[in-house]
Structure formats: structure tokens, C-alpha cells
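Engineer: Enclosed is the structure file entry24.cif (mmCIF, C-alpha atoms (C1' of nucleotides)).
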data_target
#
loop_
_atom_site.label_atom_id
_atom_site.label_comp_id
_atom_site.auth_asym_id
_atom_site.auth_seq_id
_atom_site.Cartn_x
_atom_site.Cartn_y
_atom_site.Cartn_z
CA MET A 1 -10.74 -23.13 23.26
CA ASN A 2 -8.03 -24.75 25.36
CA TYR A 3 -4.64 -23.22 25.83
CA SER A 4 -1.82 -24.26 23.54
CA LYS A 5 1.70 -23.00 23.20
CA GLN A 6 1.37 -22.91 19.43
CA ARG A 7 -1.77 -20.79 19.52
CA GLU A 8 -0.05 -18.33 21.81
CA VAL A 9 2.85 -18.09 19.37
CA VAL A 10 0.48 -17.49 16.45
CA LEU A 11 -1.44 -14.77 18.26
CA ASN A 12 1.68 -13.03 19.55
CA SER A 13 3.39 -13.17 16.17
CA LEU A 14 0.41 -11.49 14.59
CA LYS A 15 0.40 -8.81 17.27
CA GLU A 16 4.09 -8.14 16.67
CA ASN A 17 3.70 -8.07 12.89
CA VAL A 18 1.35 -5.27 12.12
CA ILE A 19 1.89 -5.69 8.37
CA HIS A 20 -1.32 -7.63 7.67
CA PRO A 21 0.58 -10.82 6.86
CA THR A 22 -0.73 -13.78 4.90
CA ALA A 23 -0.62 -17.24 6.48
CA GLU A 24 2.56 -17.94 4.52
CA ASN A 25 4.15 -14.66 5.64
CA LEU A 26 3.40 -15.55 9.21
CA TYR A 27 4.67 -19.09 8.74
CA SER A 28 8.06 -17.81 7.56
CA ILE A 29 8.25 -15.39 10.46
CA ILE A 30 7.23 -17.97 13.06
CA GLN A 31 9.52 -20.68 11.64
CA ILE A 32 12.64 -18.74 12.62
CA GLU A 33 11.94 -18.74 16.35
CA TYR A 34 9.38 -21.50 16.69
CA PRO A 35 9.98 -24.28 14.16
CA GLU A 36 7.72 -26.48 16.27
CA VAL A 37 4.64 -24.72 14.86
CA SER A 38 3.46 -26.63 11.80
CA LYS A 39 1.66 -25.15 8.84
CA ALA A 40 -1.55 -27.04 9.59
CA THR A 41 -1.52 -25.71 13.13
CA LEU A 42 -0.96 -22.19 11.89
CA TYR A 43 -3.91 -22.34 9.49
CA ARG A 44 -6.09 -24.03 12.10
CA ASN A 45 -5.30 -21.43 14.72
CA LEU A 46 -5.76 -18.49 12.40
CA SER A 47 -9.25 -19.81 11.62
CA GLN A 48 -10.09 -20.41 15.24
CA LEU A 49 -8.77 -17.09 16.43
CA ALA A 50 -10.71 -15.31 13.70
CA LYS A 51 -13.89 -17.19 14.54
CA ALA A 52 -13.42 -16.30 18.22
CA GLY A 53 -13.00 -12.66 17.24
CA LEU A 54 -9.47 -12.30 18.56
CA ILE A 55 -8.04 -11.51 15.12
CA ARG A 56 -9.54 -10.66 11.76
CA LYS A 57 -9.25 -12.36 8.41
CA ILE A 58 -9.14 -10.04 5.41
CA ASP A 59 -10.32 -11.42 2.08
CA GLY A 60 -10.31 -9.82 -1.34
CA LEU A 61 -6.92 -8.13 -1.13
CA ASP A 62 -5.07 -10.56 -3.35
CA SER A 63 -4.90 -14.29 -4.00
CA SER A 64 -4.45 -15.15 -0.34
CA ALA A 65 -6.13 -14.16 2.89
CA HIS A 66 -4.38 -11.65 5.11
CA PHE A 67 -4.69 -11.46 8.87
CA ASP A 68 -5.09 -8.48 11.13
CA HIS A 69 -4.33 -8.22 14.84
CA ASN A 70 -6.63 -5.19 14.98
CA THR A 71 -10.22 -6.28 15.50
CA LYS A 72 -11.70 -2.80 15.62
CA LEU A 73 -13.72 -2.03 12.49
CA HIS A 74 -11.65 -0.44 9.75
CA TYR A 75 -10.99 -0.91 6.06
CA HIS A 76 -7.99 -1.76 3.91
CA PHE A 77 -5.93 -0.56 1.00
CA ILE A 78 -3.43 -2.68 -0.94
CA CYS A 79 -0.78 -1.10 -3.09
CA GLU A 80 -0.73 -2.82 -6.45
CA LYS A 81 2.96 -2.05 -6.90
CA CYS A 82 4.62 -2.89 -3.57
CA GLY A 83 1.88 -5.10 -2.16
CA LYS A 84 1.80 -3.36 1.21
CA VAL A 85 -1.52 -3.24 3.03
CA PHE A 86 -2.67 -0.13 4.89
CA ASP A 87 -5.59 0.65 7.16
CA ILE A 88 -8.33 3.05 6.14
CA SER A 89 -10.53 4.56 8.82
CA THR A 90 -14.28 4.02 8.94
CA ASP A 91 -14.72 7.76 8.42
CA VAL A 92 -14.76 7.21 4.67
CA ALA A 93 -18.12 5.42 4.84
CA GLN A 94 -20.25 6.47 7.77
CA ASN A 95 -23.39 4.55 8.73
CA ILE A 96 -22.78 2.28 5.77
CA VAL A 97 -24.34 -0.79 7.39
CA LYS A 98 -27.47 1.05 8.45
CA LYS A 99 -27.82 2.54 4.96
CA ALA A 100 -27.35 -0.83 3.28
CA GLU A 101 -29.83 -2.52 5.60
CA GLN A 102 -32.39 0.19 4.94
CA GLU A 103 -31.88 -0.05 1.19
CA THR A 104 -32.17 -3.83 1.06
CA GLY A 105 -34.06 -5.11 4.06
CA PHE A 106 -31.25 -7.61 4.64
CA LYS A 107 -29.56 -8.36 7.96
CA ILE A 108 -25.91 -7.41 7.63
CA THR A 109 -23.51 -9.11 10.01
CA SER A 110 -20.16 -8.07 8.54
CA HIS A 111 -18.63 -6.06 5.75
CA GLU A 112 -15.24 -5.19 4.31
CA ILE A 113 -14.03 -2.45 2.03
CA VAL A 114 -10.93 -3.05 -0.07
CA PHE A 115 -9.26 -0.24 -1.96
CA LYS A 116 -6.55 -0.83 -4.56
CA GLY A 117 -4.14 1.59 -6.13
CA LEU A 118 -0.73 3.11 -5.46
CA CYS A 119 0.53 4.05 -2.03
CA LYS A 120 2.28 7.34 -1.35
CA ASP A 121 5.75 5.94 -2.02
CA CYS A 122 4.86 4.04 -5.20
CA LYS A 123 2.85 6.91 -6.65
CA ASN A 124 6.09 8.77 -7.46
CA MET B 1 -8.37 -8.88 -28.68
CA ASN B 2 -9.32 -10.97 -31.69
CA TYR B 3 -12.76 -12.41 -32.15
CA SER B 4 -13.47 -15.93 -31.02
CA LYS B 5 -16.66 -17.90 -30.90
CA GLN B 6 -15.82 -19.12 -27.40
CA ARG B 7 -15.31 -15.64 -26.04
CA GLU B 8 -18.64 -14.57 -27.47
CA VAL B 9 -20.31 -17.52 -25.74
CA VAL B 10 -18.67 -16.65 -22.41
CA LEU B 11 -19.69 -13.00 -22.61
CA ASN B 12 -23.25 -13.76 -23.70
CA SER B 13 -23.70 -16.42 -21.03
CA LEU B 14 -22.66 -13.95 -18.37
CA LYS B 15 -25.08 -11.37 -19.74
CA GLU B 16 -27.90 -13.89 -19.62
CA ASN B 17 -27.04 -15.08 -16.12
CA VAL B 18 -27.38 -12.11 -13.87
CA ILE B 19 -26.75 -14.22 -10.76
CA HIS B 20 -23.08 -13.27 -10.29
CA PRO B 21 -21.88 -16.78 -11.16
CA THR B 22 -18.52 -18.28 -10.32
CA ALA B 23 -16.37 -19.68 -13.12
CA GLU B 24 -17.64 -23.16 -12.23
CA ASN B 25 -21.27 -22.00 -12.26
CA LEU B 26 -20.76 -20.54 -15.69
CA TYR B 27 -18.94 -23.63 -16.90
CA SER B 28 -21.91 -25.84 -15.98
CA ILE B 29 -24.29 -23.46 -17.68
CA ILE B 30 -22.23 -23.16 -20.85
CA GLN B 31 -21.52 -26.89 -21.07
CA ILE B 32 -25.17 -27.65 -21.80
CA GLU B 33 -25.36 -25.67 -25.01
CA TYR B 34 -21.70 -25.24 -25.91
CA PRO B 35 -19.64 -28.25 -24.83
CA GLU B 36 -16.92 -27.00 -27.17
CA VAL B 37 -15.90 -24.35 -24.63
CA SER B 38 -13.18 -25.81 -22.41
CA LYS B 39 -12.56 -24.85 -18.82
CA ALA B 40 -9.18 -23.31 -19.61
CA THR B 41 -10.78 -21.15 -22.28
CA LEU B 42 -13.48 -20.08 -19.88
CA TYR B 43 -11.02 -18.99 -17.21
CA ARG B 44 -8.81 -17.33 -19.81
CA ASN B 45 -11.68 -15.38 -21.28
CA LEU B 46 -13.10 -14.32 -17.95
CA SER B 47 -9.70 -12.84 -17.09
CA GLN B 48 -9.32 -11.13 -20.43
CA LEU B 49 -12.83 -9.74 -20.45
CA ALA B 50 -12.36 -8.42 -16.92
CA LYS B 51 -9.04 -6.84 -17.80
CA ALA B 52 -10.65 -5.23 -20.85
CA GLY B 53 -13.40 -3.87 -18.63
CA LEU B 54 -16.24 -5.69 -20.37
CA ILE B 55 -17.14 -7.65 -17.23
CA ARG B 56 -16.17 -7.41 -13.58
CA LYS B 57 -14.51 -9.91 -11.29
CA ILE B 58 -15.74 -9.88 -7.69
CA ASP B 59 -13.34 -11.13 -5.03
CA GLY B 60 -13.92 -11.58 -1.33
CA LEU B 61 -17.42 -13.02 -1.47
CA ASP B 62 -16.49 -16.62 -0.80
CA SER B 63 -13.77 -19.09 -1.71
CA SER B 64 -14.11 -18.47 -5.44
CA ALA B 65 -14.30 -15.40 -7.62
CA HIS B 66 -17.68 -14.36 -8.96
CA PHE B 67 -18.29 -12.53 -12.21
CA ASP B 68 -20.59 -9.66 -13.02
CA HIS B 69 -21.94 -8.59 -16.39
CA ASN B 70 -22.65 -5.16 -14.91
CA THR B 71 -19.57 -2.96 -15.13
CA LYS B 72 -21.16 0.12 -13.61
CA LEU B 73 -19.82 0.79 -10.11
CA HIS B 74 -21.83 -0.91 -7.40
CA TYR B 75 -21.28 -3.09 -4.37
CA HIS B 76 -22.24 -6.62 -3.32
CA PHE B 77 -23.95 -8.58 -0.61
CA ILE B 78 -23.71 -12.34 -0.17
CA CYS B 79 -26.24 -14.24 1.92
CA GLU B 80 -24.39 -16.58 4.25
CA LYS B 81 -27.31 -18.98 4.29
CA CYS B 82 -28.42 -19.36 0.64
CA GLY B 83 -25.25 -18.06 -1.00
CA LYS B 84 -27.08 -15.69 -3.34
CA VAL B 85 -25.30 -12.49 -4.31
CA PHE B 86 -27.13 -9.18 -4.55
CA ASP B 87 -26.19 -5.71 -5.76
CA ILE B 88 -25.93 -2.78 -3.39
CA SER B 89 -26.07 0.72 -4.81
CA THR B 90 -23.22 3.19 -4.45
CA ASP B 91 -25.56 5.42 -2.43
CA VAL B 92 -24.45 3.66 0.74
CA ALA B 93 -20.98 5.16 0.52
CA GLN B 94 -20.86 8.47 -1.30
CA ASN B 95 -17.55 10.08 -2.34
CA ILE B 96 -15.77 7.19 -0.70
CA VAL B 97 -12.80 7.24 -3.08
CA LYS B 98 -12.28 10.97 -2.73
CA LYS B 99 -12.47 10.68 1.04
CA ALA B 100 -10.04 7.78 1.16
CA GLU B 101 -7.60 9.57 -1.15
CA GLN B 102 -7.74 12.69 1.00
CA GLU B 103 -7.23 10.70 4.17
CA THR B 104 -4.24 8.74 2.86
CA GLY B 105 -2.62 10.58 -0.01
CA PHE B 106 -2.77 7.34 -2.02
CA LYS B 107 -3.95 7.00 -5.63
CA ILE B 108 -7.00 4.74 -5.62
CA THR B 109 -7.78 2.99 -8.87
CA SER B 110 -10.48 0.55 -7.74
CA HIS B 111 -12.43 -0.54 -4.71
CA GLU B 112 -15.03 -3.08 -3.68
CA ILE B 113 -17.42 -3.35 -0.78
CA VAL B 114 -18.64 -6.76 0.29
CA PHE B 115 -21.45 -7.15 2.80
CA LYS B 116 -22.34 -10.47 4.41
CA GLY B 117 -25.42 -11.48 6.33
CA LEU B 118 -28.89 -12.83 5.70
CA CYS B 119 -31.04 -11.88 2.75
CA LYS B 120 -34.71 -11.01 3.11
CA ASP B 121 -35.86 -14.60 2.52
CA CYS B 122 -33.32 -16.27 4.81
CA LYS B 123 -33.81 -13.75 7.61
CA ASN B 124 -37.15 -15.37 8.47
"C1'" DG C 1 -1.05 -36.85 41.72
"C1'" DT C 2 -3.48 -40.15 38.48
"C1'" DA C 3 -7.01 -41.20 35.24
"C1'" DT C 4 -9.33 -39.77 31.34
"C1'" DA C 5 -11.92 -37.40 27.95
"C1'" DA C 6 -11.62 -33.53 25.00
"C1'" DA C 7 -8.73 -30.57 22.46
"C1'" DA C 8 -4.69 -29.81 19.95
"C1'" DT C 9 -0.64 -31.20 17.38
"C1'" DA C 10 2.74 -32.65 13.28
"C1'" DA C 11 3.23 -34.48 8.95
"C1'" DG C 12 1.68 -35.11 4.96
"C1'" DA C 13 -2.26 -36.35 1.79
"C1'" DA C 14 -6.12 -34.32 -0.41
"C1'" DT C 15 -8.92 -30.76 -2.42
"C1'" DA C 16 -10.39 -26.62 -4.83
"C1'" DA C 17 -9.61 -22.87 -7.63
"C1'" DT C 18 -6.87 -21.13 -10.85
"C1'" DT C 19 -2.88 -20.67 -14.03
"C1'" DA C 20 0.63 -22.46 -17.18
"C1'" DT C 21 2.28 -25.39 -21.10
"C1'" DC C 22 2.17 -26.65 -25.72
"C1'" DA C 23 0.87 -28.39 -30.04
"C1'" DA C 24 -2.90 -27.50 -33.17
"C1'" DT C 25 -6.30 -24.32 -35.01
"C1'" DT C 26 -8.30 -19.80 -36.06
"C1'" DT C 27 -8.19 -14.96 -37.00
"C1'" DG C 28 -7.12 -10.72 -39.37
"C1'" DA C 29 -3.97 -7.57 -41.81
"C1'" DG C 30 -1.58 -7.03 -45.94
"C1'" DC D 1 -3.94 -16.34 -50.21
"C1'" DT D 2 -0.14 -15.90 -46.69
"C1'" DC D 3 1.74 -15.59 -42.37
"C1'" DA D 4 2.27 -13.95 -37.85
"C1'" DA D 5 -0.31 -13.31 -33.83
"C1'" DA D 6 -4.06 -14.79 -31.14
"C1'" DT D 7 -6.79 -18.47 -29.45
"C1'" DT D 8 -7.98 -23.05 -28.28
"C1'" DG D 9 -8.35 -27.88 -25.84
"C1'" DA D 10 -6.28 -31.05 -23.02
"C1'" DT D 11 -3.94 -31.60 -19.30
"C1'" DA D 12 -0.09 -30.72 -16.07
"C1'" DA D 13 1.23 -27.65 -12.50
"C1'" DT D 14 0.64 -24.40 -8.88
"C1'" DT D 15 -1.27 -22.09 -4.91
"C1'" DA D 16 -3.84 -21.69 -0.95
"C1'" DT D 17 -6.12 -24.16 2.16
"C1'" DT D 18 -8.39 -28.09 4.51
"C1'" DC D 19 -8.52 -32.85 5.94
"C1'" DT D 20 -6.74 -37.28 8.01
"C1'" DT D 21 -4.65 -39.91 11.42
"C1'" DA D 22 -1.86 -41.30 14.96
"C1'" DT D 23 0.20 -39.02 18.83
"C1'" DT D 24 0.54 -35.60 22.45
"C1'" DT D 25 -1.39 -31.94 25.61
"C1'" DT D 26 -4.64 -29.88 28.40
"C1'" DA D 27 -8.31 -29.49 31.81
"C1'" DT D 28 -10.99 -31.84 35.02
"C1'" DA D 29 -12.61 -35.36 38.16
"C1'" DC D 30 -11.33 -38.32 41.59
#
Give the structure from the file, written as C-alpha cells.

Structural biologist:
Amino acid sequence: MNYSKQREVVLNSLKENVIHPTAENLYSIIQIEYPEVSKATLYRNLSQLAKAGLIRKIDGLDSSAHFDHNTKLHYHFICEKCGKVFDISTDVAQNIVKKAEQETGFKITSHEIVFKGLCKDCKN
Amino acid sequence: MNYSKQREVVLNSLKENVIHPTAENLYSIIQIEYPEVSKATLYRNLSQLAKAGLIRKIDGLDSSAHFDHNTKLHYHFICEKCGKVFDISTDVAQNIVKKAEQETGFKITSHEIVFKGLCKDCKN
DNA sequence: GTATAAAATAAGAATAATTATCAATTTGAG
DNA sequence: CTCAAATTGATAATTATTCTTATTTTATAC
């Protein structure tokens, strides 16, 4: 991966926006300061950065993919009322990969857990 | 929900095709015997049946949603080589909802676990 | 520094999956 | 049987994302 100004902007924007943004969220945010970053470039870089392991793509939350600056293993919760995404620690499912591999005999290379419901604020 | 012939066809086809098909998979299958079921009707009925809890929609496996005739709680694995989807029992993550609710204080109404990797056949 | 090949870009077209529109048909309660 | 509500087929529209192409940047070799 060569250096590019646009990729740096994408990566930094994600690091500064810890809200698990979608590509469109990030595009709006980036547009304000860096209108020179096009949508195609944003999508391309998000893919590349995720493939390189520098960021993480989160599927299954809602109709679009969200992106996470935090590459350490953890899970996610999306509030069905306000749409906010929160982290859930791996404590909730210990040794889950080992257990699943033992049960199935498959080789597991990645996994994601998505919880849905109401966050603390929206519950009331 | 009123009765409709088309909805019956959709539900029965899913029950007979335990392969976790996508909407397009199911459309191809249904077309052969029941060309009178349109694509719009298929999508509409899959949504309605899922909302009514008679089937389950699985997100996060790949670019399209898959559907499951089995509404009992369980998790999923998709083989990144052959694309087949397999069930994973809830044993791999016991009390996960309770744990996540205790950790966060959120109200969790649903969750899904998606594993990716290589199935037994593709591993070799 | 200059040449140059590989990588990256912007702009917009294209695609894939899904949802919406709407007139016509079907269903079910009274 | 009647009529409103539900459902349908056909197709347009939408959403999210990827692809195309000509141009520009970057890294490297001289």
C-alpha cells in the first residue's frame, strides 16, 4: 500500500470519530474539511484499510456497513431506537471460537456478535 | 395476516430448503414450480414472515440476507470458500444475553453470531 | 533530479439487493 | 353477497457499493 493523502484523511477521520460510522457518515464528516476526498476513494480506502487490518468493518448492524477504528476483538450493540452503536466486551462469550471449532471441526478465521435492543437512554 | 397462496409457497419452499437460501436462491427454486410468485411478493413475504416470527432473517453473512426456516435460537457459520451456511448451537455462548445486559444496562431483544472460515470439506 | 512503472485518484456509470408505487385481484368478516 | 382491507404483479425507485477510465501521485531506479 503506497501512501496517499486521502487514505491518511480516511484513517484519521475514523480514529477521531469513535461512533462506528457508516461510509456515508464518514463521507459527510470528511467533506467538511477535505472536499478533495471522493466517495469512490473513501469506499476504496475503507476496504483496503480493513483488508490490511488497520480498521474493522462491521456487518449485520443495519442496512449499511459500519467501520471501527478499534481492531482489538470486541462485539457490538445497536440501539434500535437511536441507532447508536456501542462496544461489548469479549467477556460475554469466552473461548467462543475454540468451542465452535470443537463442535464443528471447521476452521474459524473471524466472527462477529451483534446485539440489538434499547440502550440505557432509550430504555426509559 | 390474511392467507395467500403465494405466502404459503414461500413458507413451504423455505421449509423444504434447509440451506439458508438468499431471496434470490429461493426465487430461482420457486420459479420452477410456481412461476406465479413474483419477486416483489417473495421479498414482501419474507419480510412479513420474519416479522411475524415464522422464519428468521440472517444478516451479516455476505452481501445478501439469508433466510432460515428454523426459528429456534442458534448461530451461523459461512464457509468463505464454498459459501455454504451451517448452524452453530447456542452452547458456544451460554447466558450471553444476560451477561451482555449486566455489562451494559441495555435491554437486548435479539442477537446473532456469525462465524466465518473454512468448513470441514474446504479445509482440506 | 528525471524517467517510469505501479498505485491511487475523481467523477460518474454500473450493479446488486431491496423497497416503494399503484392499479387490479383476492380474502375474510358481517 | 358486499365491501373494506390485504395481497399481488409489474416495474420504477432507492440504497449501498463497486467498477471504469482518464488523469495524477508515489516510490524507485538511474

Engineer: Can you spell out as a list in words the set of residues that the PyMOL selection byres ((chain D) within 12 of (chain A)) selects in the structure I just provided?

Structural biologist: DT15, DA16, DT17, DT18, DC19, DT20, DT24, DT25, DT26 and DA27 of chain D

Engineer: Restrict the distance test to all atoms listed in the file, flag each residue of chain A within 10 Å of chain B, and return the flagged residues as an MDAnalysis selection string.

Structural biologist: chainID A and resid 58:63 65 75:80 86:123

Engineer: Kindly determine which residues of chain C lie within 10 Å of chain A, considering only C-alpha atoms (C1' of nucleotides), and give the answer as an MDAnalysis selection string.

Structural biologist: chainID C and resid 6:12 18

Engineer: Could you write out chain A as a CSV table (one decimal) with C-alpha atoms, in the coordinates of the input once it has been least-squares superposed on chain B using every ordered C-alpha pair?

Structural biologist:
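This is the output file superposed-v4.csv:
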chain,number,residue,atom,x,y,z
A,1,MET,CA,-8.4,-9.0,-28.7
A,2,ASN,CA,-9.4,-11.0,-31.7
A,3,TYR,CA,-12.8,-12.4,-32.1
A,4,SER,CA,-13.5,-16.0,-31.0
A,5,LYS,CA,-16.7,-18.0,-30.9
A,6,GLN,CA,-15.9,-19.2,-27.4
A,7,ARG,CA,-15.4,-15.6,-26.0
A,8,GLU,CA,-18.7,-14.6,-27.5
A,9,VAL,CA,-20.3,-17.5,-25.7
A,10,VAL,CA,-18.7,-16.6,-22.4
A,11,LEU,CA,-19.7,-13.0,-22.6
A,12,ASN,CA,-23.3,-13.8,-23.7
A,13,SER,CA,-23.7,-16.4,-21.0
A,14,LEU,CA,-22.7,-14.0,-18.3
A,15,LYS,CA,-25.1,-11.4,-19.7
A,16,GLU,CA,-27.9,-13.9,-19.6
A,17,ASN,CA,-27.0,-15.1,-16.1
A,18,VAL,CA,-27.4,-12.1,-13.9
A,19,ILE,CA,-26.7,-14.2,-10.7
A,20,HIS,CA,-23.1,-13.3,-10.3
A,21,PRO,CA,-21.9,-16.8,-11.2
A,22,THR,CA,-18.5,-18.2,-10.3
A,23,ALA,CA,-16.3,-19.6,-13.1
A,24,GLU,CA,-17.6,-23.1,-12.2
A,25,ASN,CA,-21.2,-22.0,-12.2
A,26,LEU,CA,-20.7,-20.5,-15.7
A,27,TYR,CA,-18.9,-23.6,-16.9
A,28,SER,CA,-21.9,-25.8,-15.9
A,29,ILE,CA,-24.3,-23.5,-17.6
A,30,ILE,CA,-22.2,-23.2,-20.8
A,31,GLN,CA,-21.5,-26.9,-21.0
A,32,ILE,CA,-25.1,-27.7,-21.7
A,33,GLU,CA,-25.3,-25.7,-24.9
A,34,TYR,CA,-21.7,-25.3,-25.8
A,35,PRO,CA,-19.6,-28.3,-24.8
A,36,GLU,CA,-16.9,-27.0,-27.1
A,37,VAL,CA,-15.9,-24.4,-24.6
A,38,SER,CA,-13.2,-25.8,-22.4
A,39,LYS,CA,-12.5,-24.8,-18.8
A,40,ALA,CA,-9.2,-23.2,-19.6
A,41,THR,CA,-10.8,-21.1,-22.3
A,42,LEU,CA,-13.5,-20.0,-19.9
A,43,TYR,CA,-11.0,-18.9,-17.2
A,44,ARG,CA,-8.8,-17.3,-19.8
A,45,ASN,CA,-11.7,-15.3,-21.3
A,46,LEU,CA,-13.1,-14.3,-18.0
A,47,SER,CA,-9.7,-12.8,-17.1
A,48,GLN,CA,-9.3,-11.1,-20.5
A,49,LEU,CA,-12.9,-9.7,-20.5
A,50,ALA,CA,-12.4,-8.4,-17.0
A,51,LYS,CA,-9.1,-6.8,-17.9
A,52,ALA,CA,-10.7,-5.2,-20.9
A,53,GLY,CA,-13.4,-3.8,-18.7
A,54,LEU,CA,-16.3,-5.7,-20.4
A,55,ILE,CA,-17.2,-7.6,-17.3
A,56,ARG,CA,-16.2,-7.4,-13.6
A,57,LYS,CA,-14.5,-9.9,-11.3
A,58,ILE,CA,-15.7,-9.8,-7.7
A,59,ASP,CA,-13.4,-11.1,-5.1
A,60,GLY,CA,-13.9,-11.5,-1.4
A,61,LEU,CA,-17.4,-13.0,-1.5
A,62,ASP,CA,-16.5,-16.5,-0.8
A,63,SER,CA,-13.8,-19.0,-1.7
A,64,SER,CA,-14.1,-18.4,-5.4
A,65,ALA,CA,-14.3,-15.3,-7.6
A,66,HIS,CA,-17.7,-14.3,-9.0
A,67,PHE,CA,-18.3,-12.5,-12.2
A,68,ASP,CA,-20.6,-9.6,-13.0
A,69,HIS,CA,-22.0,-8.6,-16.4
A,70,ASN,CA,-22.7,-5.1,-14.9
A,71,THR,CA,-19.6,-2.9,-15.1
A,72,LYS,CA,-21.2,0.1,-13.6
A,73,LEU,CA,-19.8,0.8,-10.1
A,74,HIS,CA,-21.9,-0.9,-7.4
A,75,TYR,CA,-21.3,-3.1,-4.4
A,76,HIS,CA,-22.3,-6.6,-3.3
A,77,PHE,CA,-24.0,-8.6,-0.6
A,78,ILE,CA,-23.7,-12.4,-0.2
A,79,CYS,CA,-26.2,-14.2,1.9
A,80,GLU,CA,-24.4,-16.6,4.2
A,81,LYS,CA,-27.3,-19.0,4.2
A,82,CYS,CA,-28.4,-19.4,0.6
A,83,GLY,CA,-25.3,-18.1,-1.0
A,84,LYS,CA,-27.1,-15.7,-3.4
A,85,VAL,CA,-25.3,-12.5,-4.3
A,86,PHE,CA,-27.1,-9.2,-4.6
A,87,ASP,CA,-26.2,-5.7,-5.8
A,88,ILE,CA,-25.9,-2.8,-3.4
A,89,SER,CA,-26.1,0.7,-4.8
A,90,THR,CA,-23.2,3.2,-4.4
A,91,ASP,CA,-25.6,5.4,-2.4
A,92,VAL,CA,-24.4,3.7,0.8
A,93,ALA,CA,-21.0,5.2,0.5
A,94,GLN,CA,-20.8,8.5,-1.3
A,95,ASN,CA,-17.5,10.0,-2.3
A,96,ILE,CA,-15.8,7.1,-0.7
A,97,VAL,CA,-12.8,7.2,-3.1
A,98,LYS,CA,-12.2,10.9,-2.7
A,99,LYS,CA,-12.5,10.6,1.1
A,100,ALA,CA,-10.0,7.7,1.2
A,101,GLU,CA,-7.6,9.5,-1.1
A,102,GLN,CA,-7.7,12.6,1.0
A,103,GLU,CA,-7.2,10.6,4.2
A,104,THR,CA,-4.2,8.7,2.9
A,105,GLY,CA,-2.6,10.5,0.1
A,106,PHE,CA,-2.7,7.3,-2.0
A,107,LYS,CA,-3.9,7.0,-5.6
A,108,ILE,CA,-7.0,4.7,-5.6
A,109,THR,CA,-7.7,2.9,-8.8
A,110,SER,CA,-10.5,0.5,-7.7
A,111,HIS,CA,-12.4,-0.6,-4.7
A,112,GLU,CA,-15.0,-3.1,-3.7
A,113,ILE,CA,-17.4,-3.3,-0.8
A,114,VAL,CA,-18.7,-6.8,0.3
A,115,PHE,CA,-21.5,-7.1,2.8
A,116,LYS,CA,-22.4,-10.5,4.4
A,117,GLY,CA,-25.4,-11.5,6.3
A,118,LEU,CA,-28.9,-12.8,5.7
A,119,CYS,CA,-31.0,-11.9,2.7
A,120,LYS,CA,-34.7,-11.0,3.1
A,121,ASP,CA,-35.9,-14.6,2.5
A,122,CYS,CA,-33.3,-16.3,4.7
A,123,LYS,CA,-33.8,-13.8,7.6
A,124,ASN,CA,-37.2,-15.4,8.4

Engineer: If we count all atoms listed in the file, what is near Leu11 in chain A at a cut-off of 9 Å, once residues fewer than 6 positions away on the same chain are taken out, given as a list in words?

Structural biologist: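 My reading of the contact set: Asn45, Leu46, Leu49, Leu54, Ile55 and His69 of chain A.
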
Engineer: I need the output of the PyMOL selection byres ((chain C and resi 3) around 10) for this file as a PDB file with C-alpha atoms (C1' of nucleotides), in the frame of the given file; which residues are they?

Structural biologist:
ATOM      1  C1'  DG C   1      -1.050 -36.850  41.720  1.00  0.00           C
ATOM      2  C1'  DT C   2      -3.480 -40.150  38.480  1.00  0.00           C
ATOM      3  C1'  DT C   4      -9.330 -39.770  31.340  1.00  0.00           C
ATOM      4  C1'  DA C   5     -11.920 -37.400  27.950  1.00  0.00           C
TER       5       DA C   5
ATOM      6  C1'  DA D  29     -12.610 -35.360  38.160  1.00  0.00           C
ATOM      7  C1'  DC D  30     -11.330 -38.320  41.590  1.00  0.00           C
TER       8       DC D  30
END

Engineer: Quick one: pull the distance between CA of Val18 in chain A and CA of Pro35 in chain A, Å, one decimal.

Structural biologist: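 These atoms are spaced 21.0 Å apart.
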
Engineer: Report the closest atom pair, with its distance in Å rounded to one decimal, for each residue of chain D that has an atom no farther than 9 Å from range 20-28 of chain C; count only C-alpha atoms (C1' of nucleotides), sort by chain and then rising residue number, and write it as a tab-separated table.

Structural biologist:
residue	atom	partner	partner_atom	distance
D:DA5	C1'	C:DT27	C1'	8.7
D:DA6	C1'	C:DT27	C1'	7.2
D:DT7	C1'	C:DT26	C1'	6.9
D:DT8	C1'	C:DT25	C1'	7.1
D:DT11	C1'	C:DT21	C1'	9.0
D:DA12	C1'	C:DT21	C1'	7.7
D:DA13	C1'	C:DA20	C1'	7.0
D:DT14	C1'	C:DA20	C1'	8.5

Engineer: Expressed in Å to a single decimal, how great is the separation between CA of Val9 in chain A and CA of Lys84 in chain A?

Structural biologist: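 Computing it gives 23.4 Å between the two atoms.
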
Engineer: Provide the CA of Gly83 in chain A to CA of Asn25 in chain A distance in Å, to one decimal place.

Structural biologist: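 Computing it gives 12.5 Å between the two atoms.
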
Engineer: Taking all atoms of range 2-10 of chain C that appear in the file, build a box with edges along x, y and z, extend it by 8 Å on every side, and state its centre and edge lengths in Å to one decimal, as lines of an AutoDock Vina configuration file.

Structural biologist:
center_x = -4.6
center_y = -35.5
center_z = 25.9
size_x = 30.7
size_y = 27.4
size_z = 41.2

Engineer: Within 9 Å of Leu26 in chain A, counting all atoms listed in the file, which residues show up once you throw out same-chain ones fewer than 2 positions away? Write them as a ChimeraX atom specification, please.

Structural biologist: /A:10,13-14,17,21-24,28-31,42
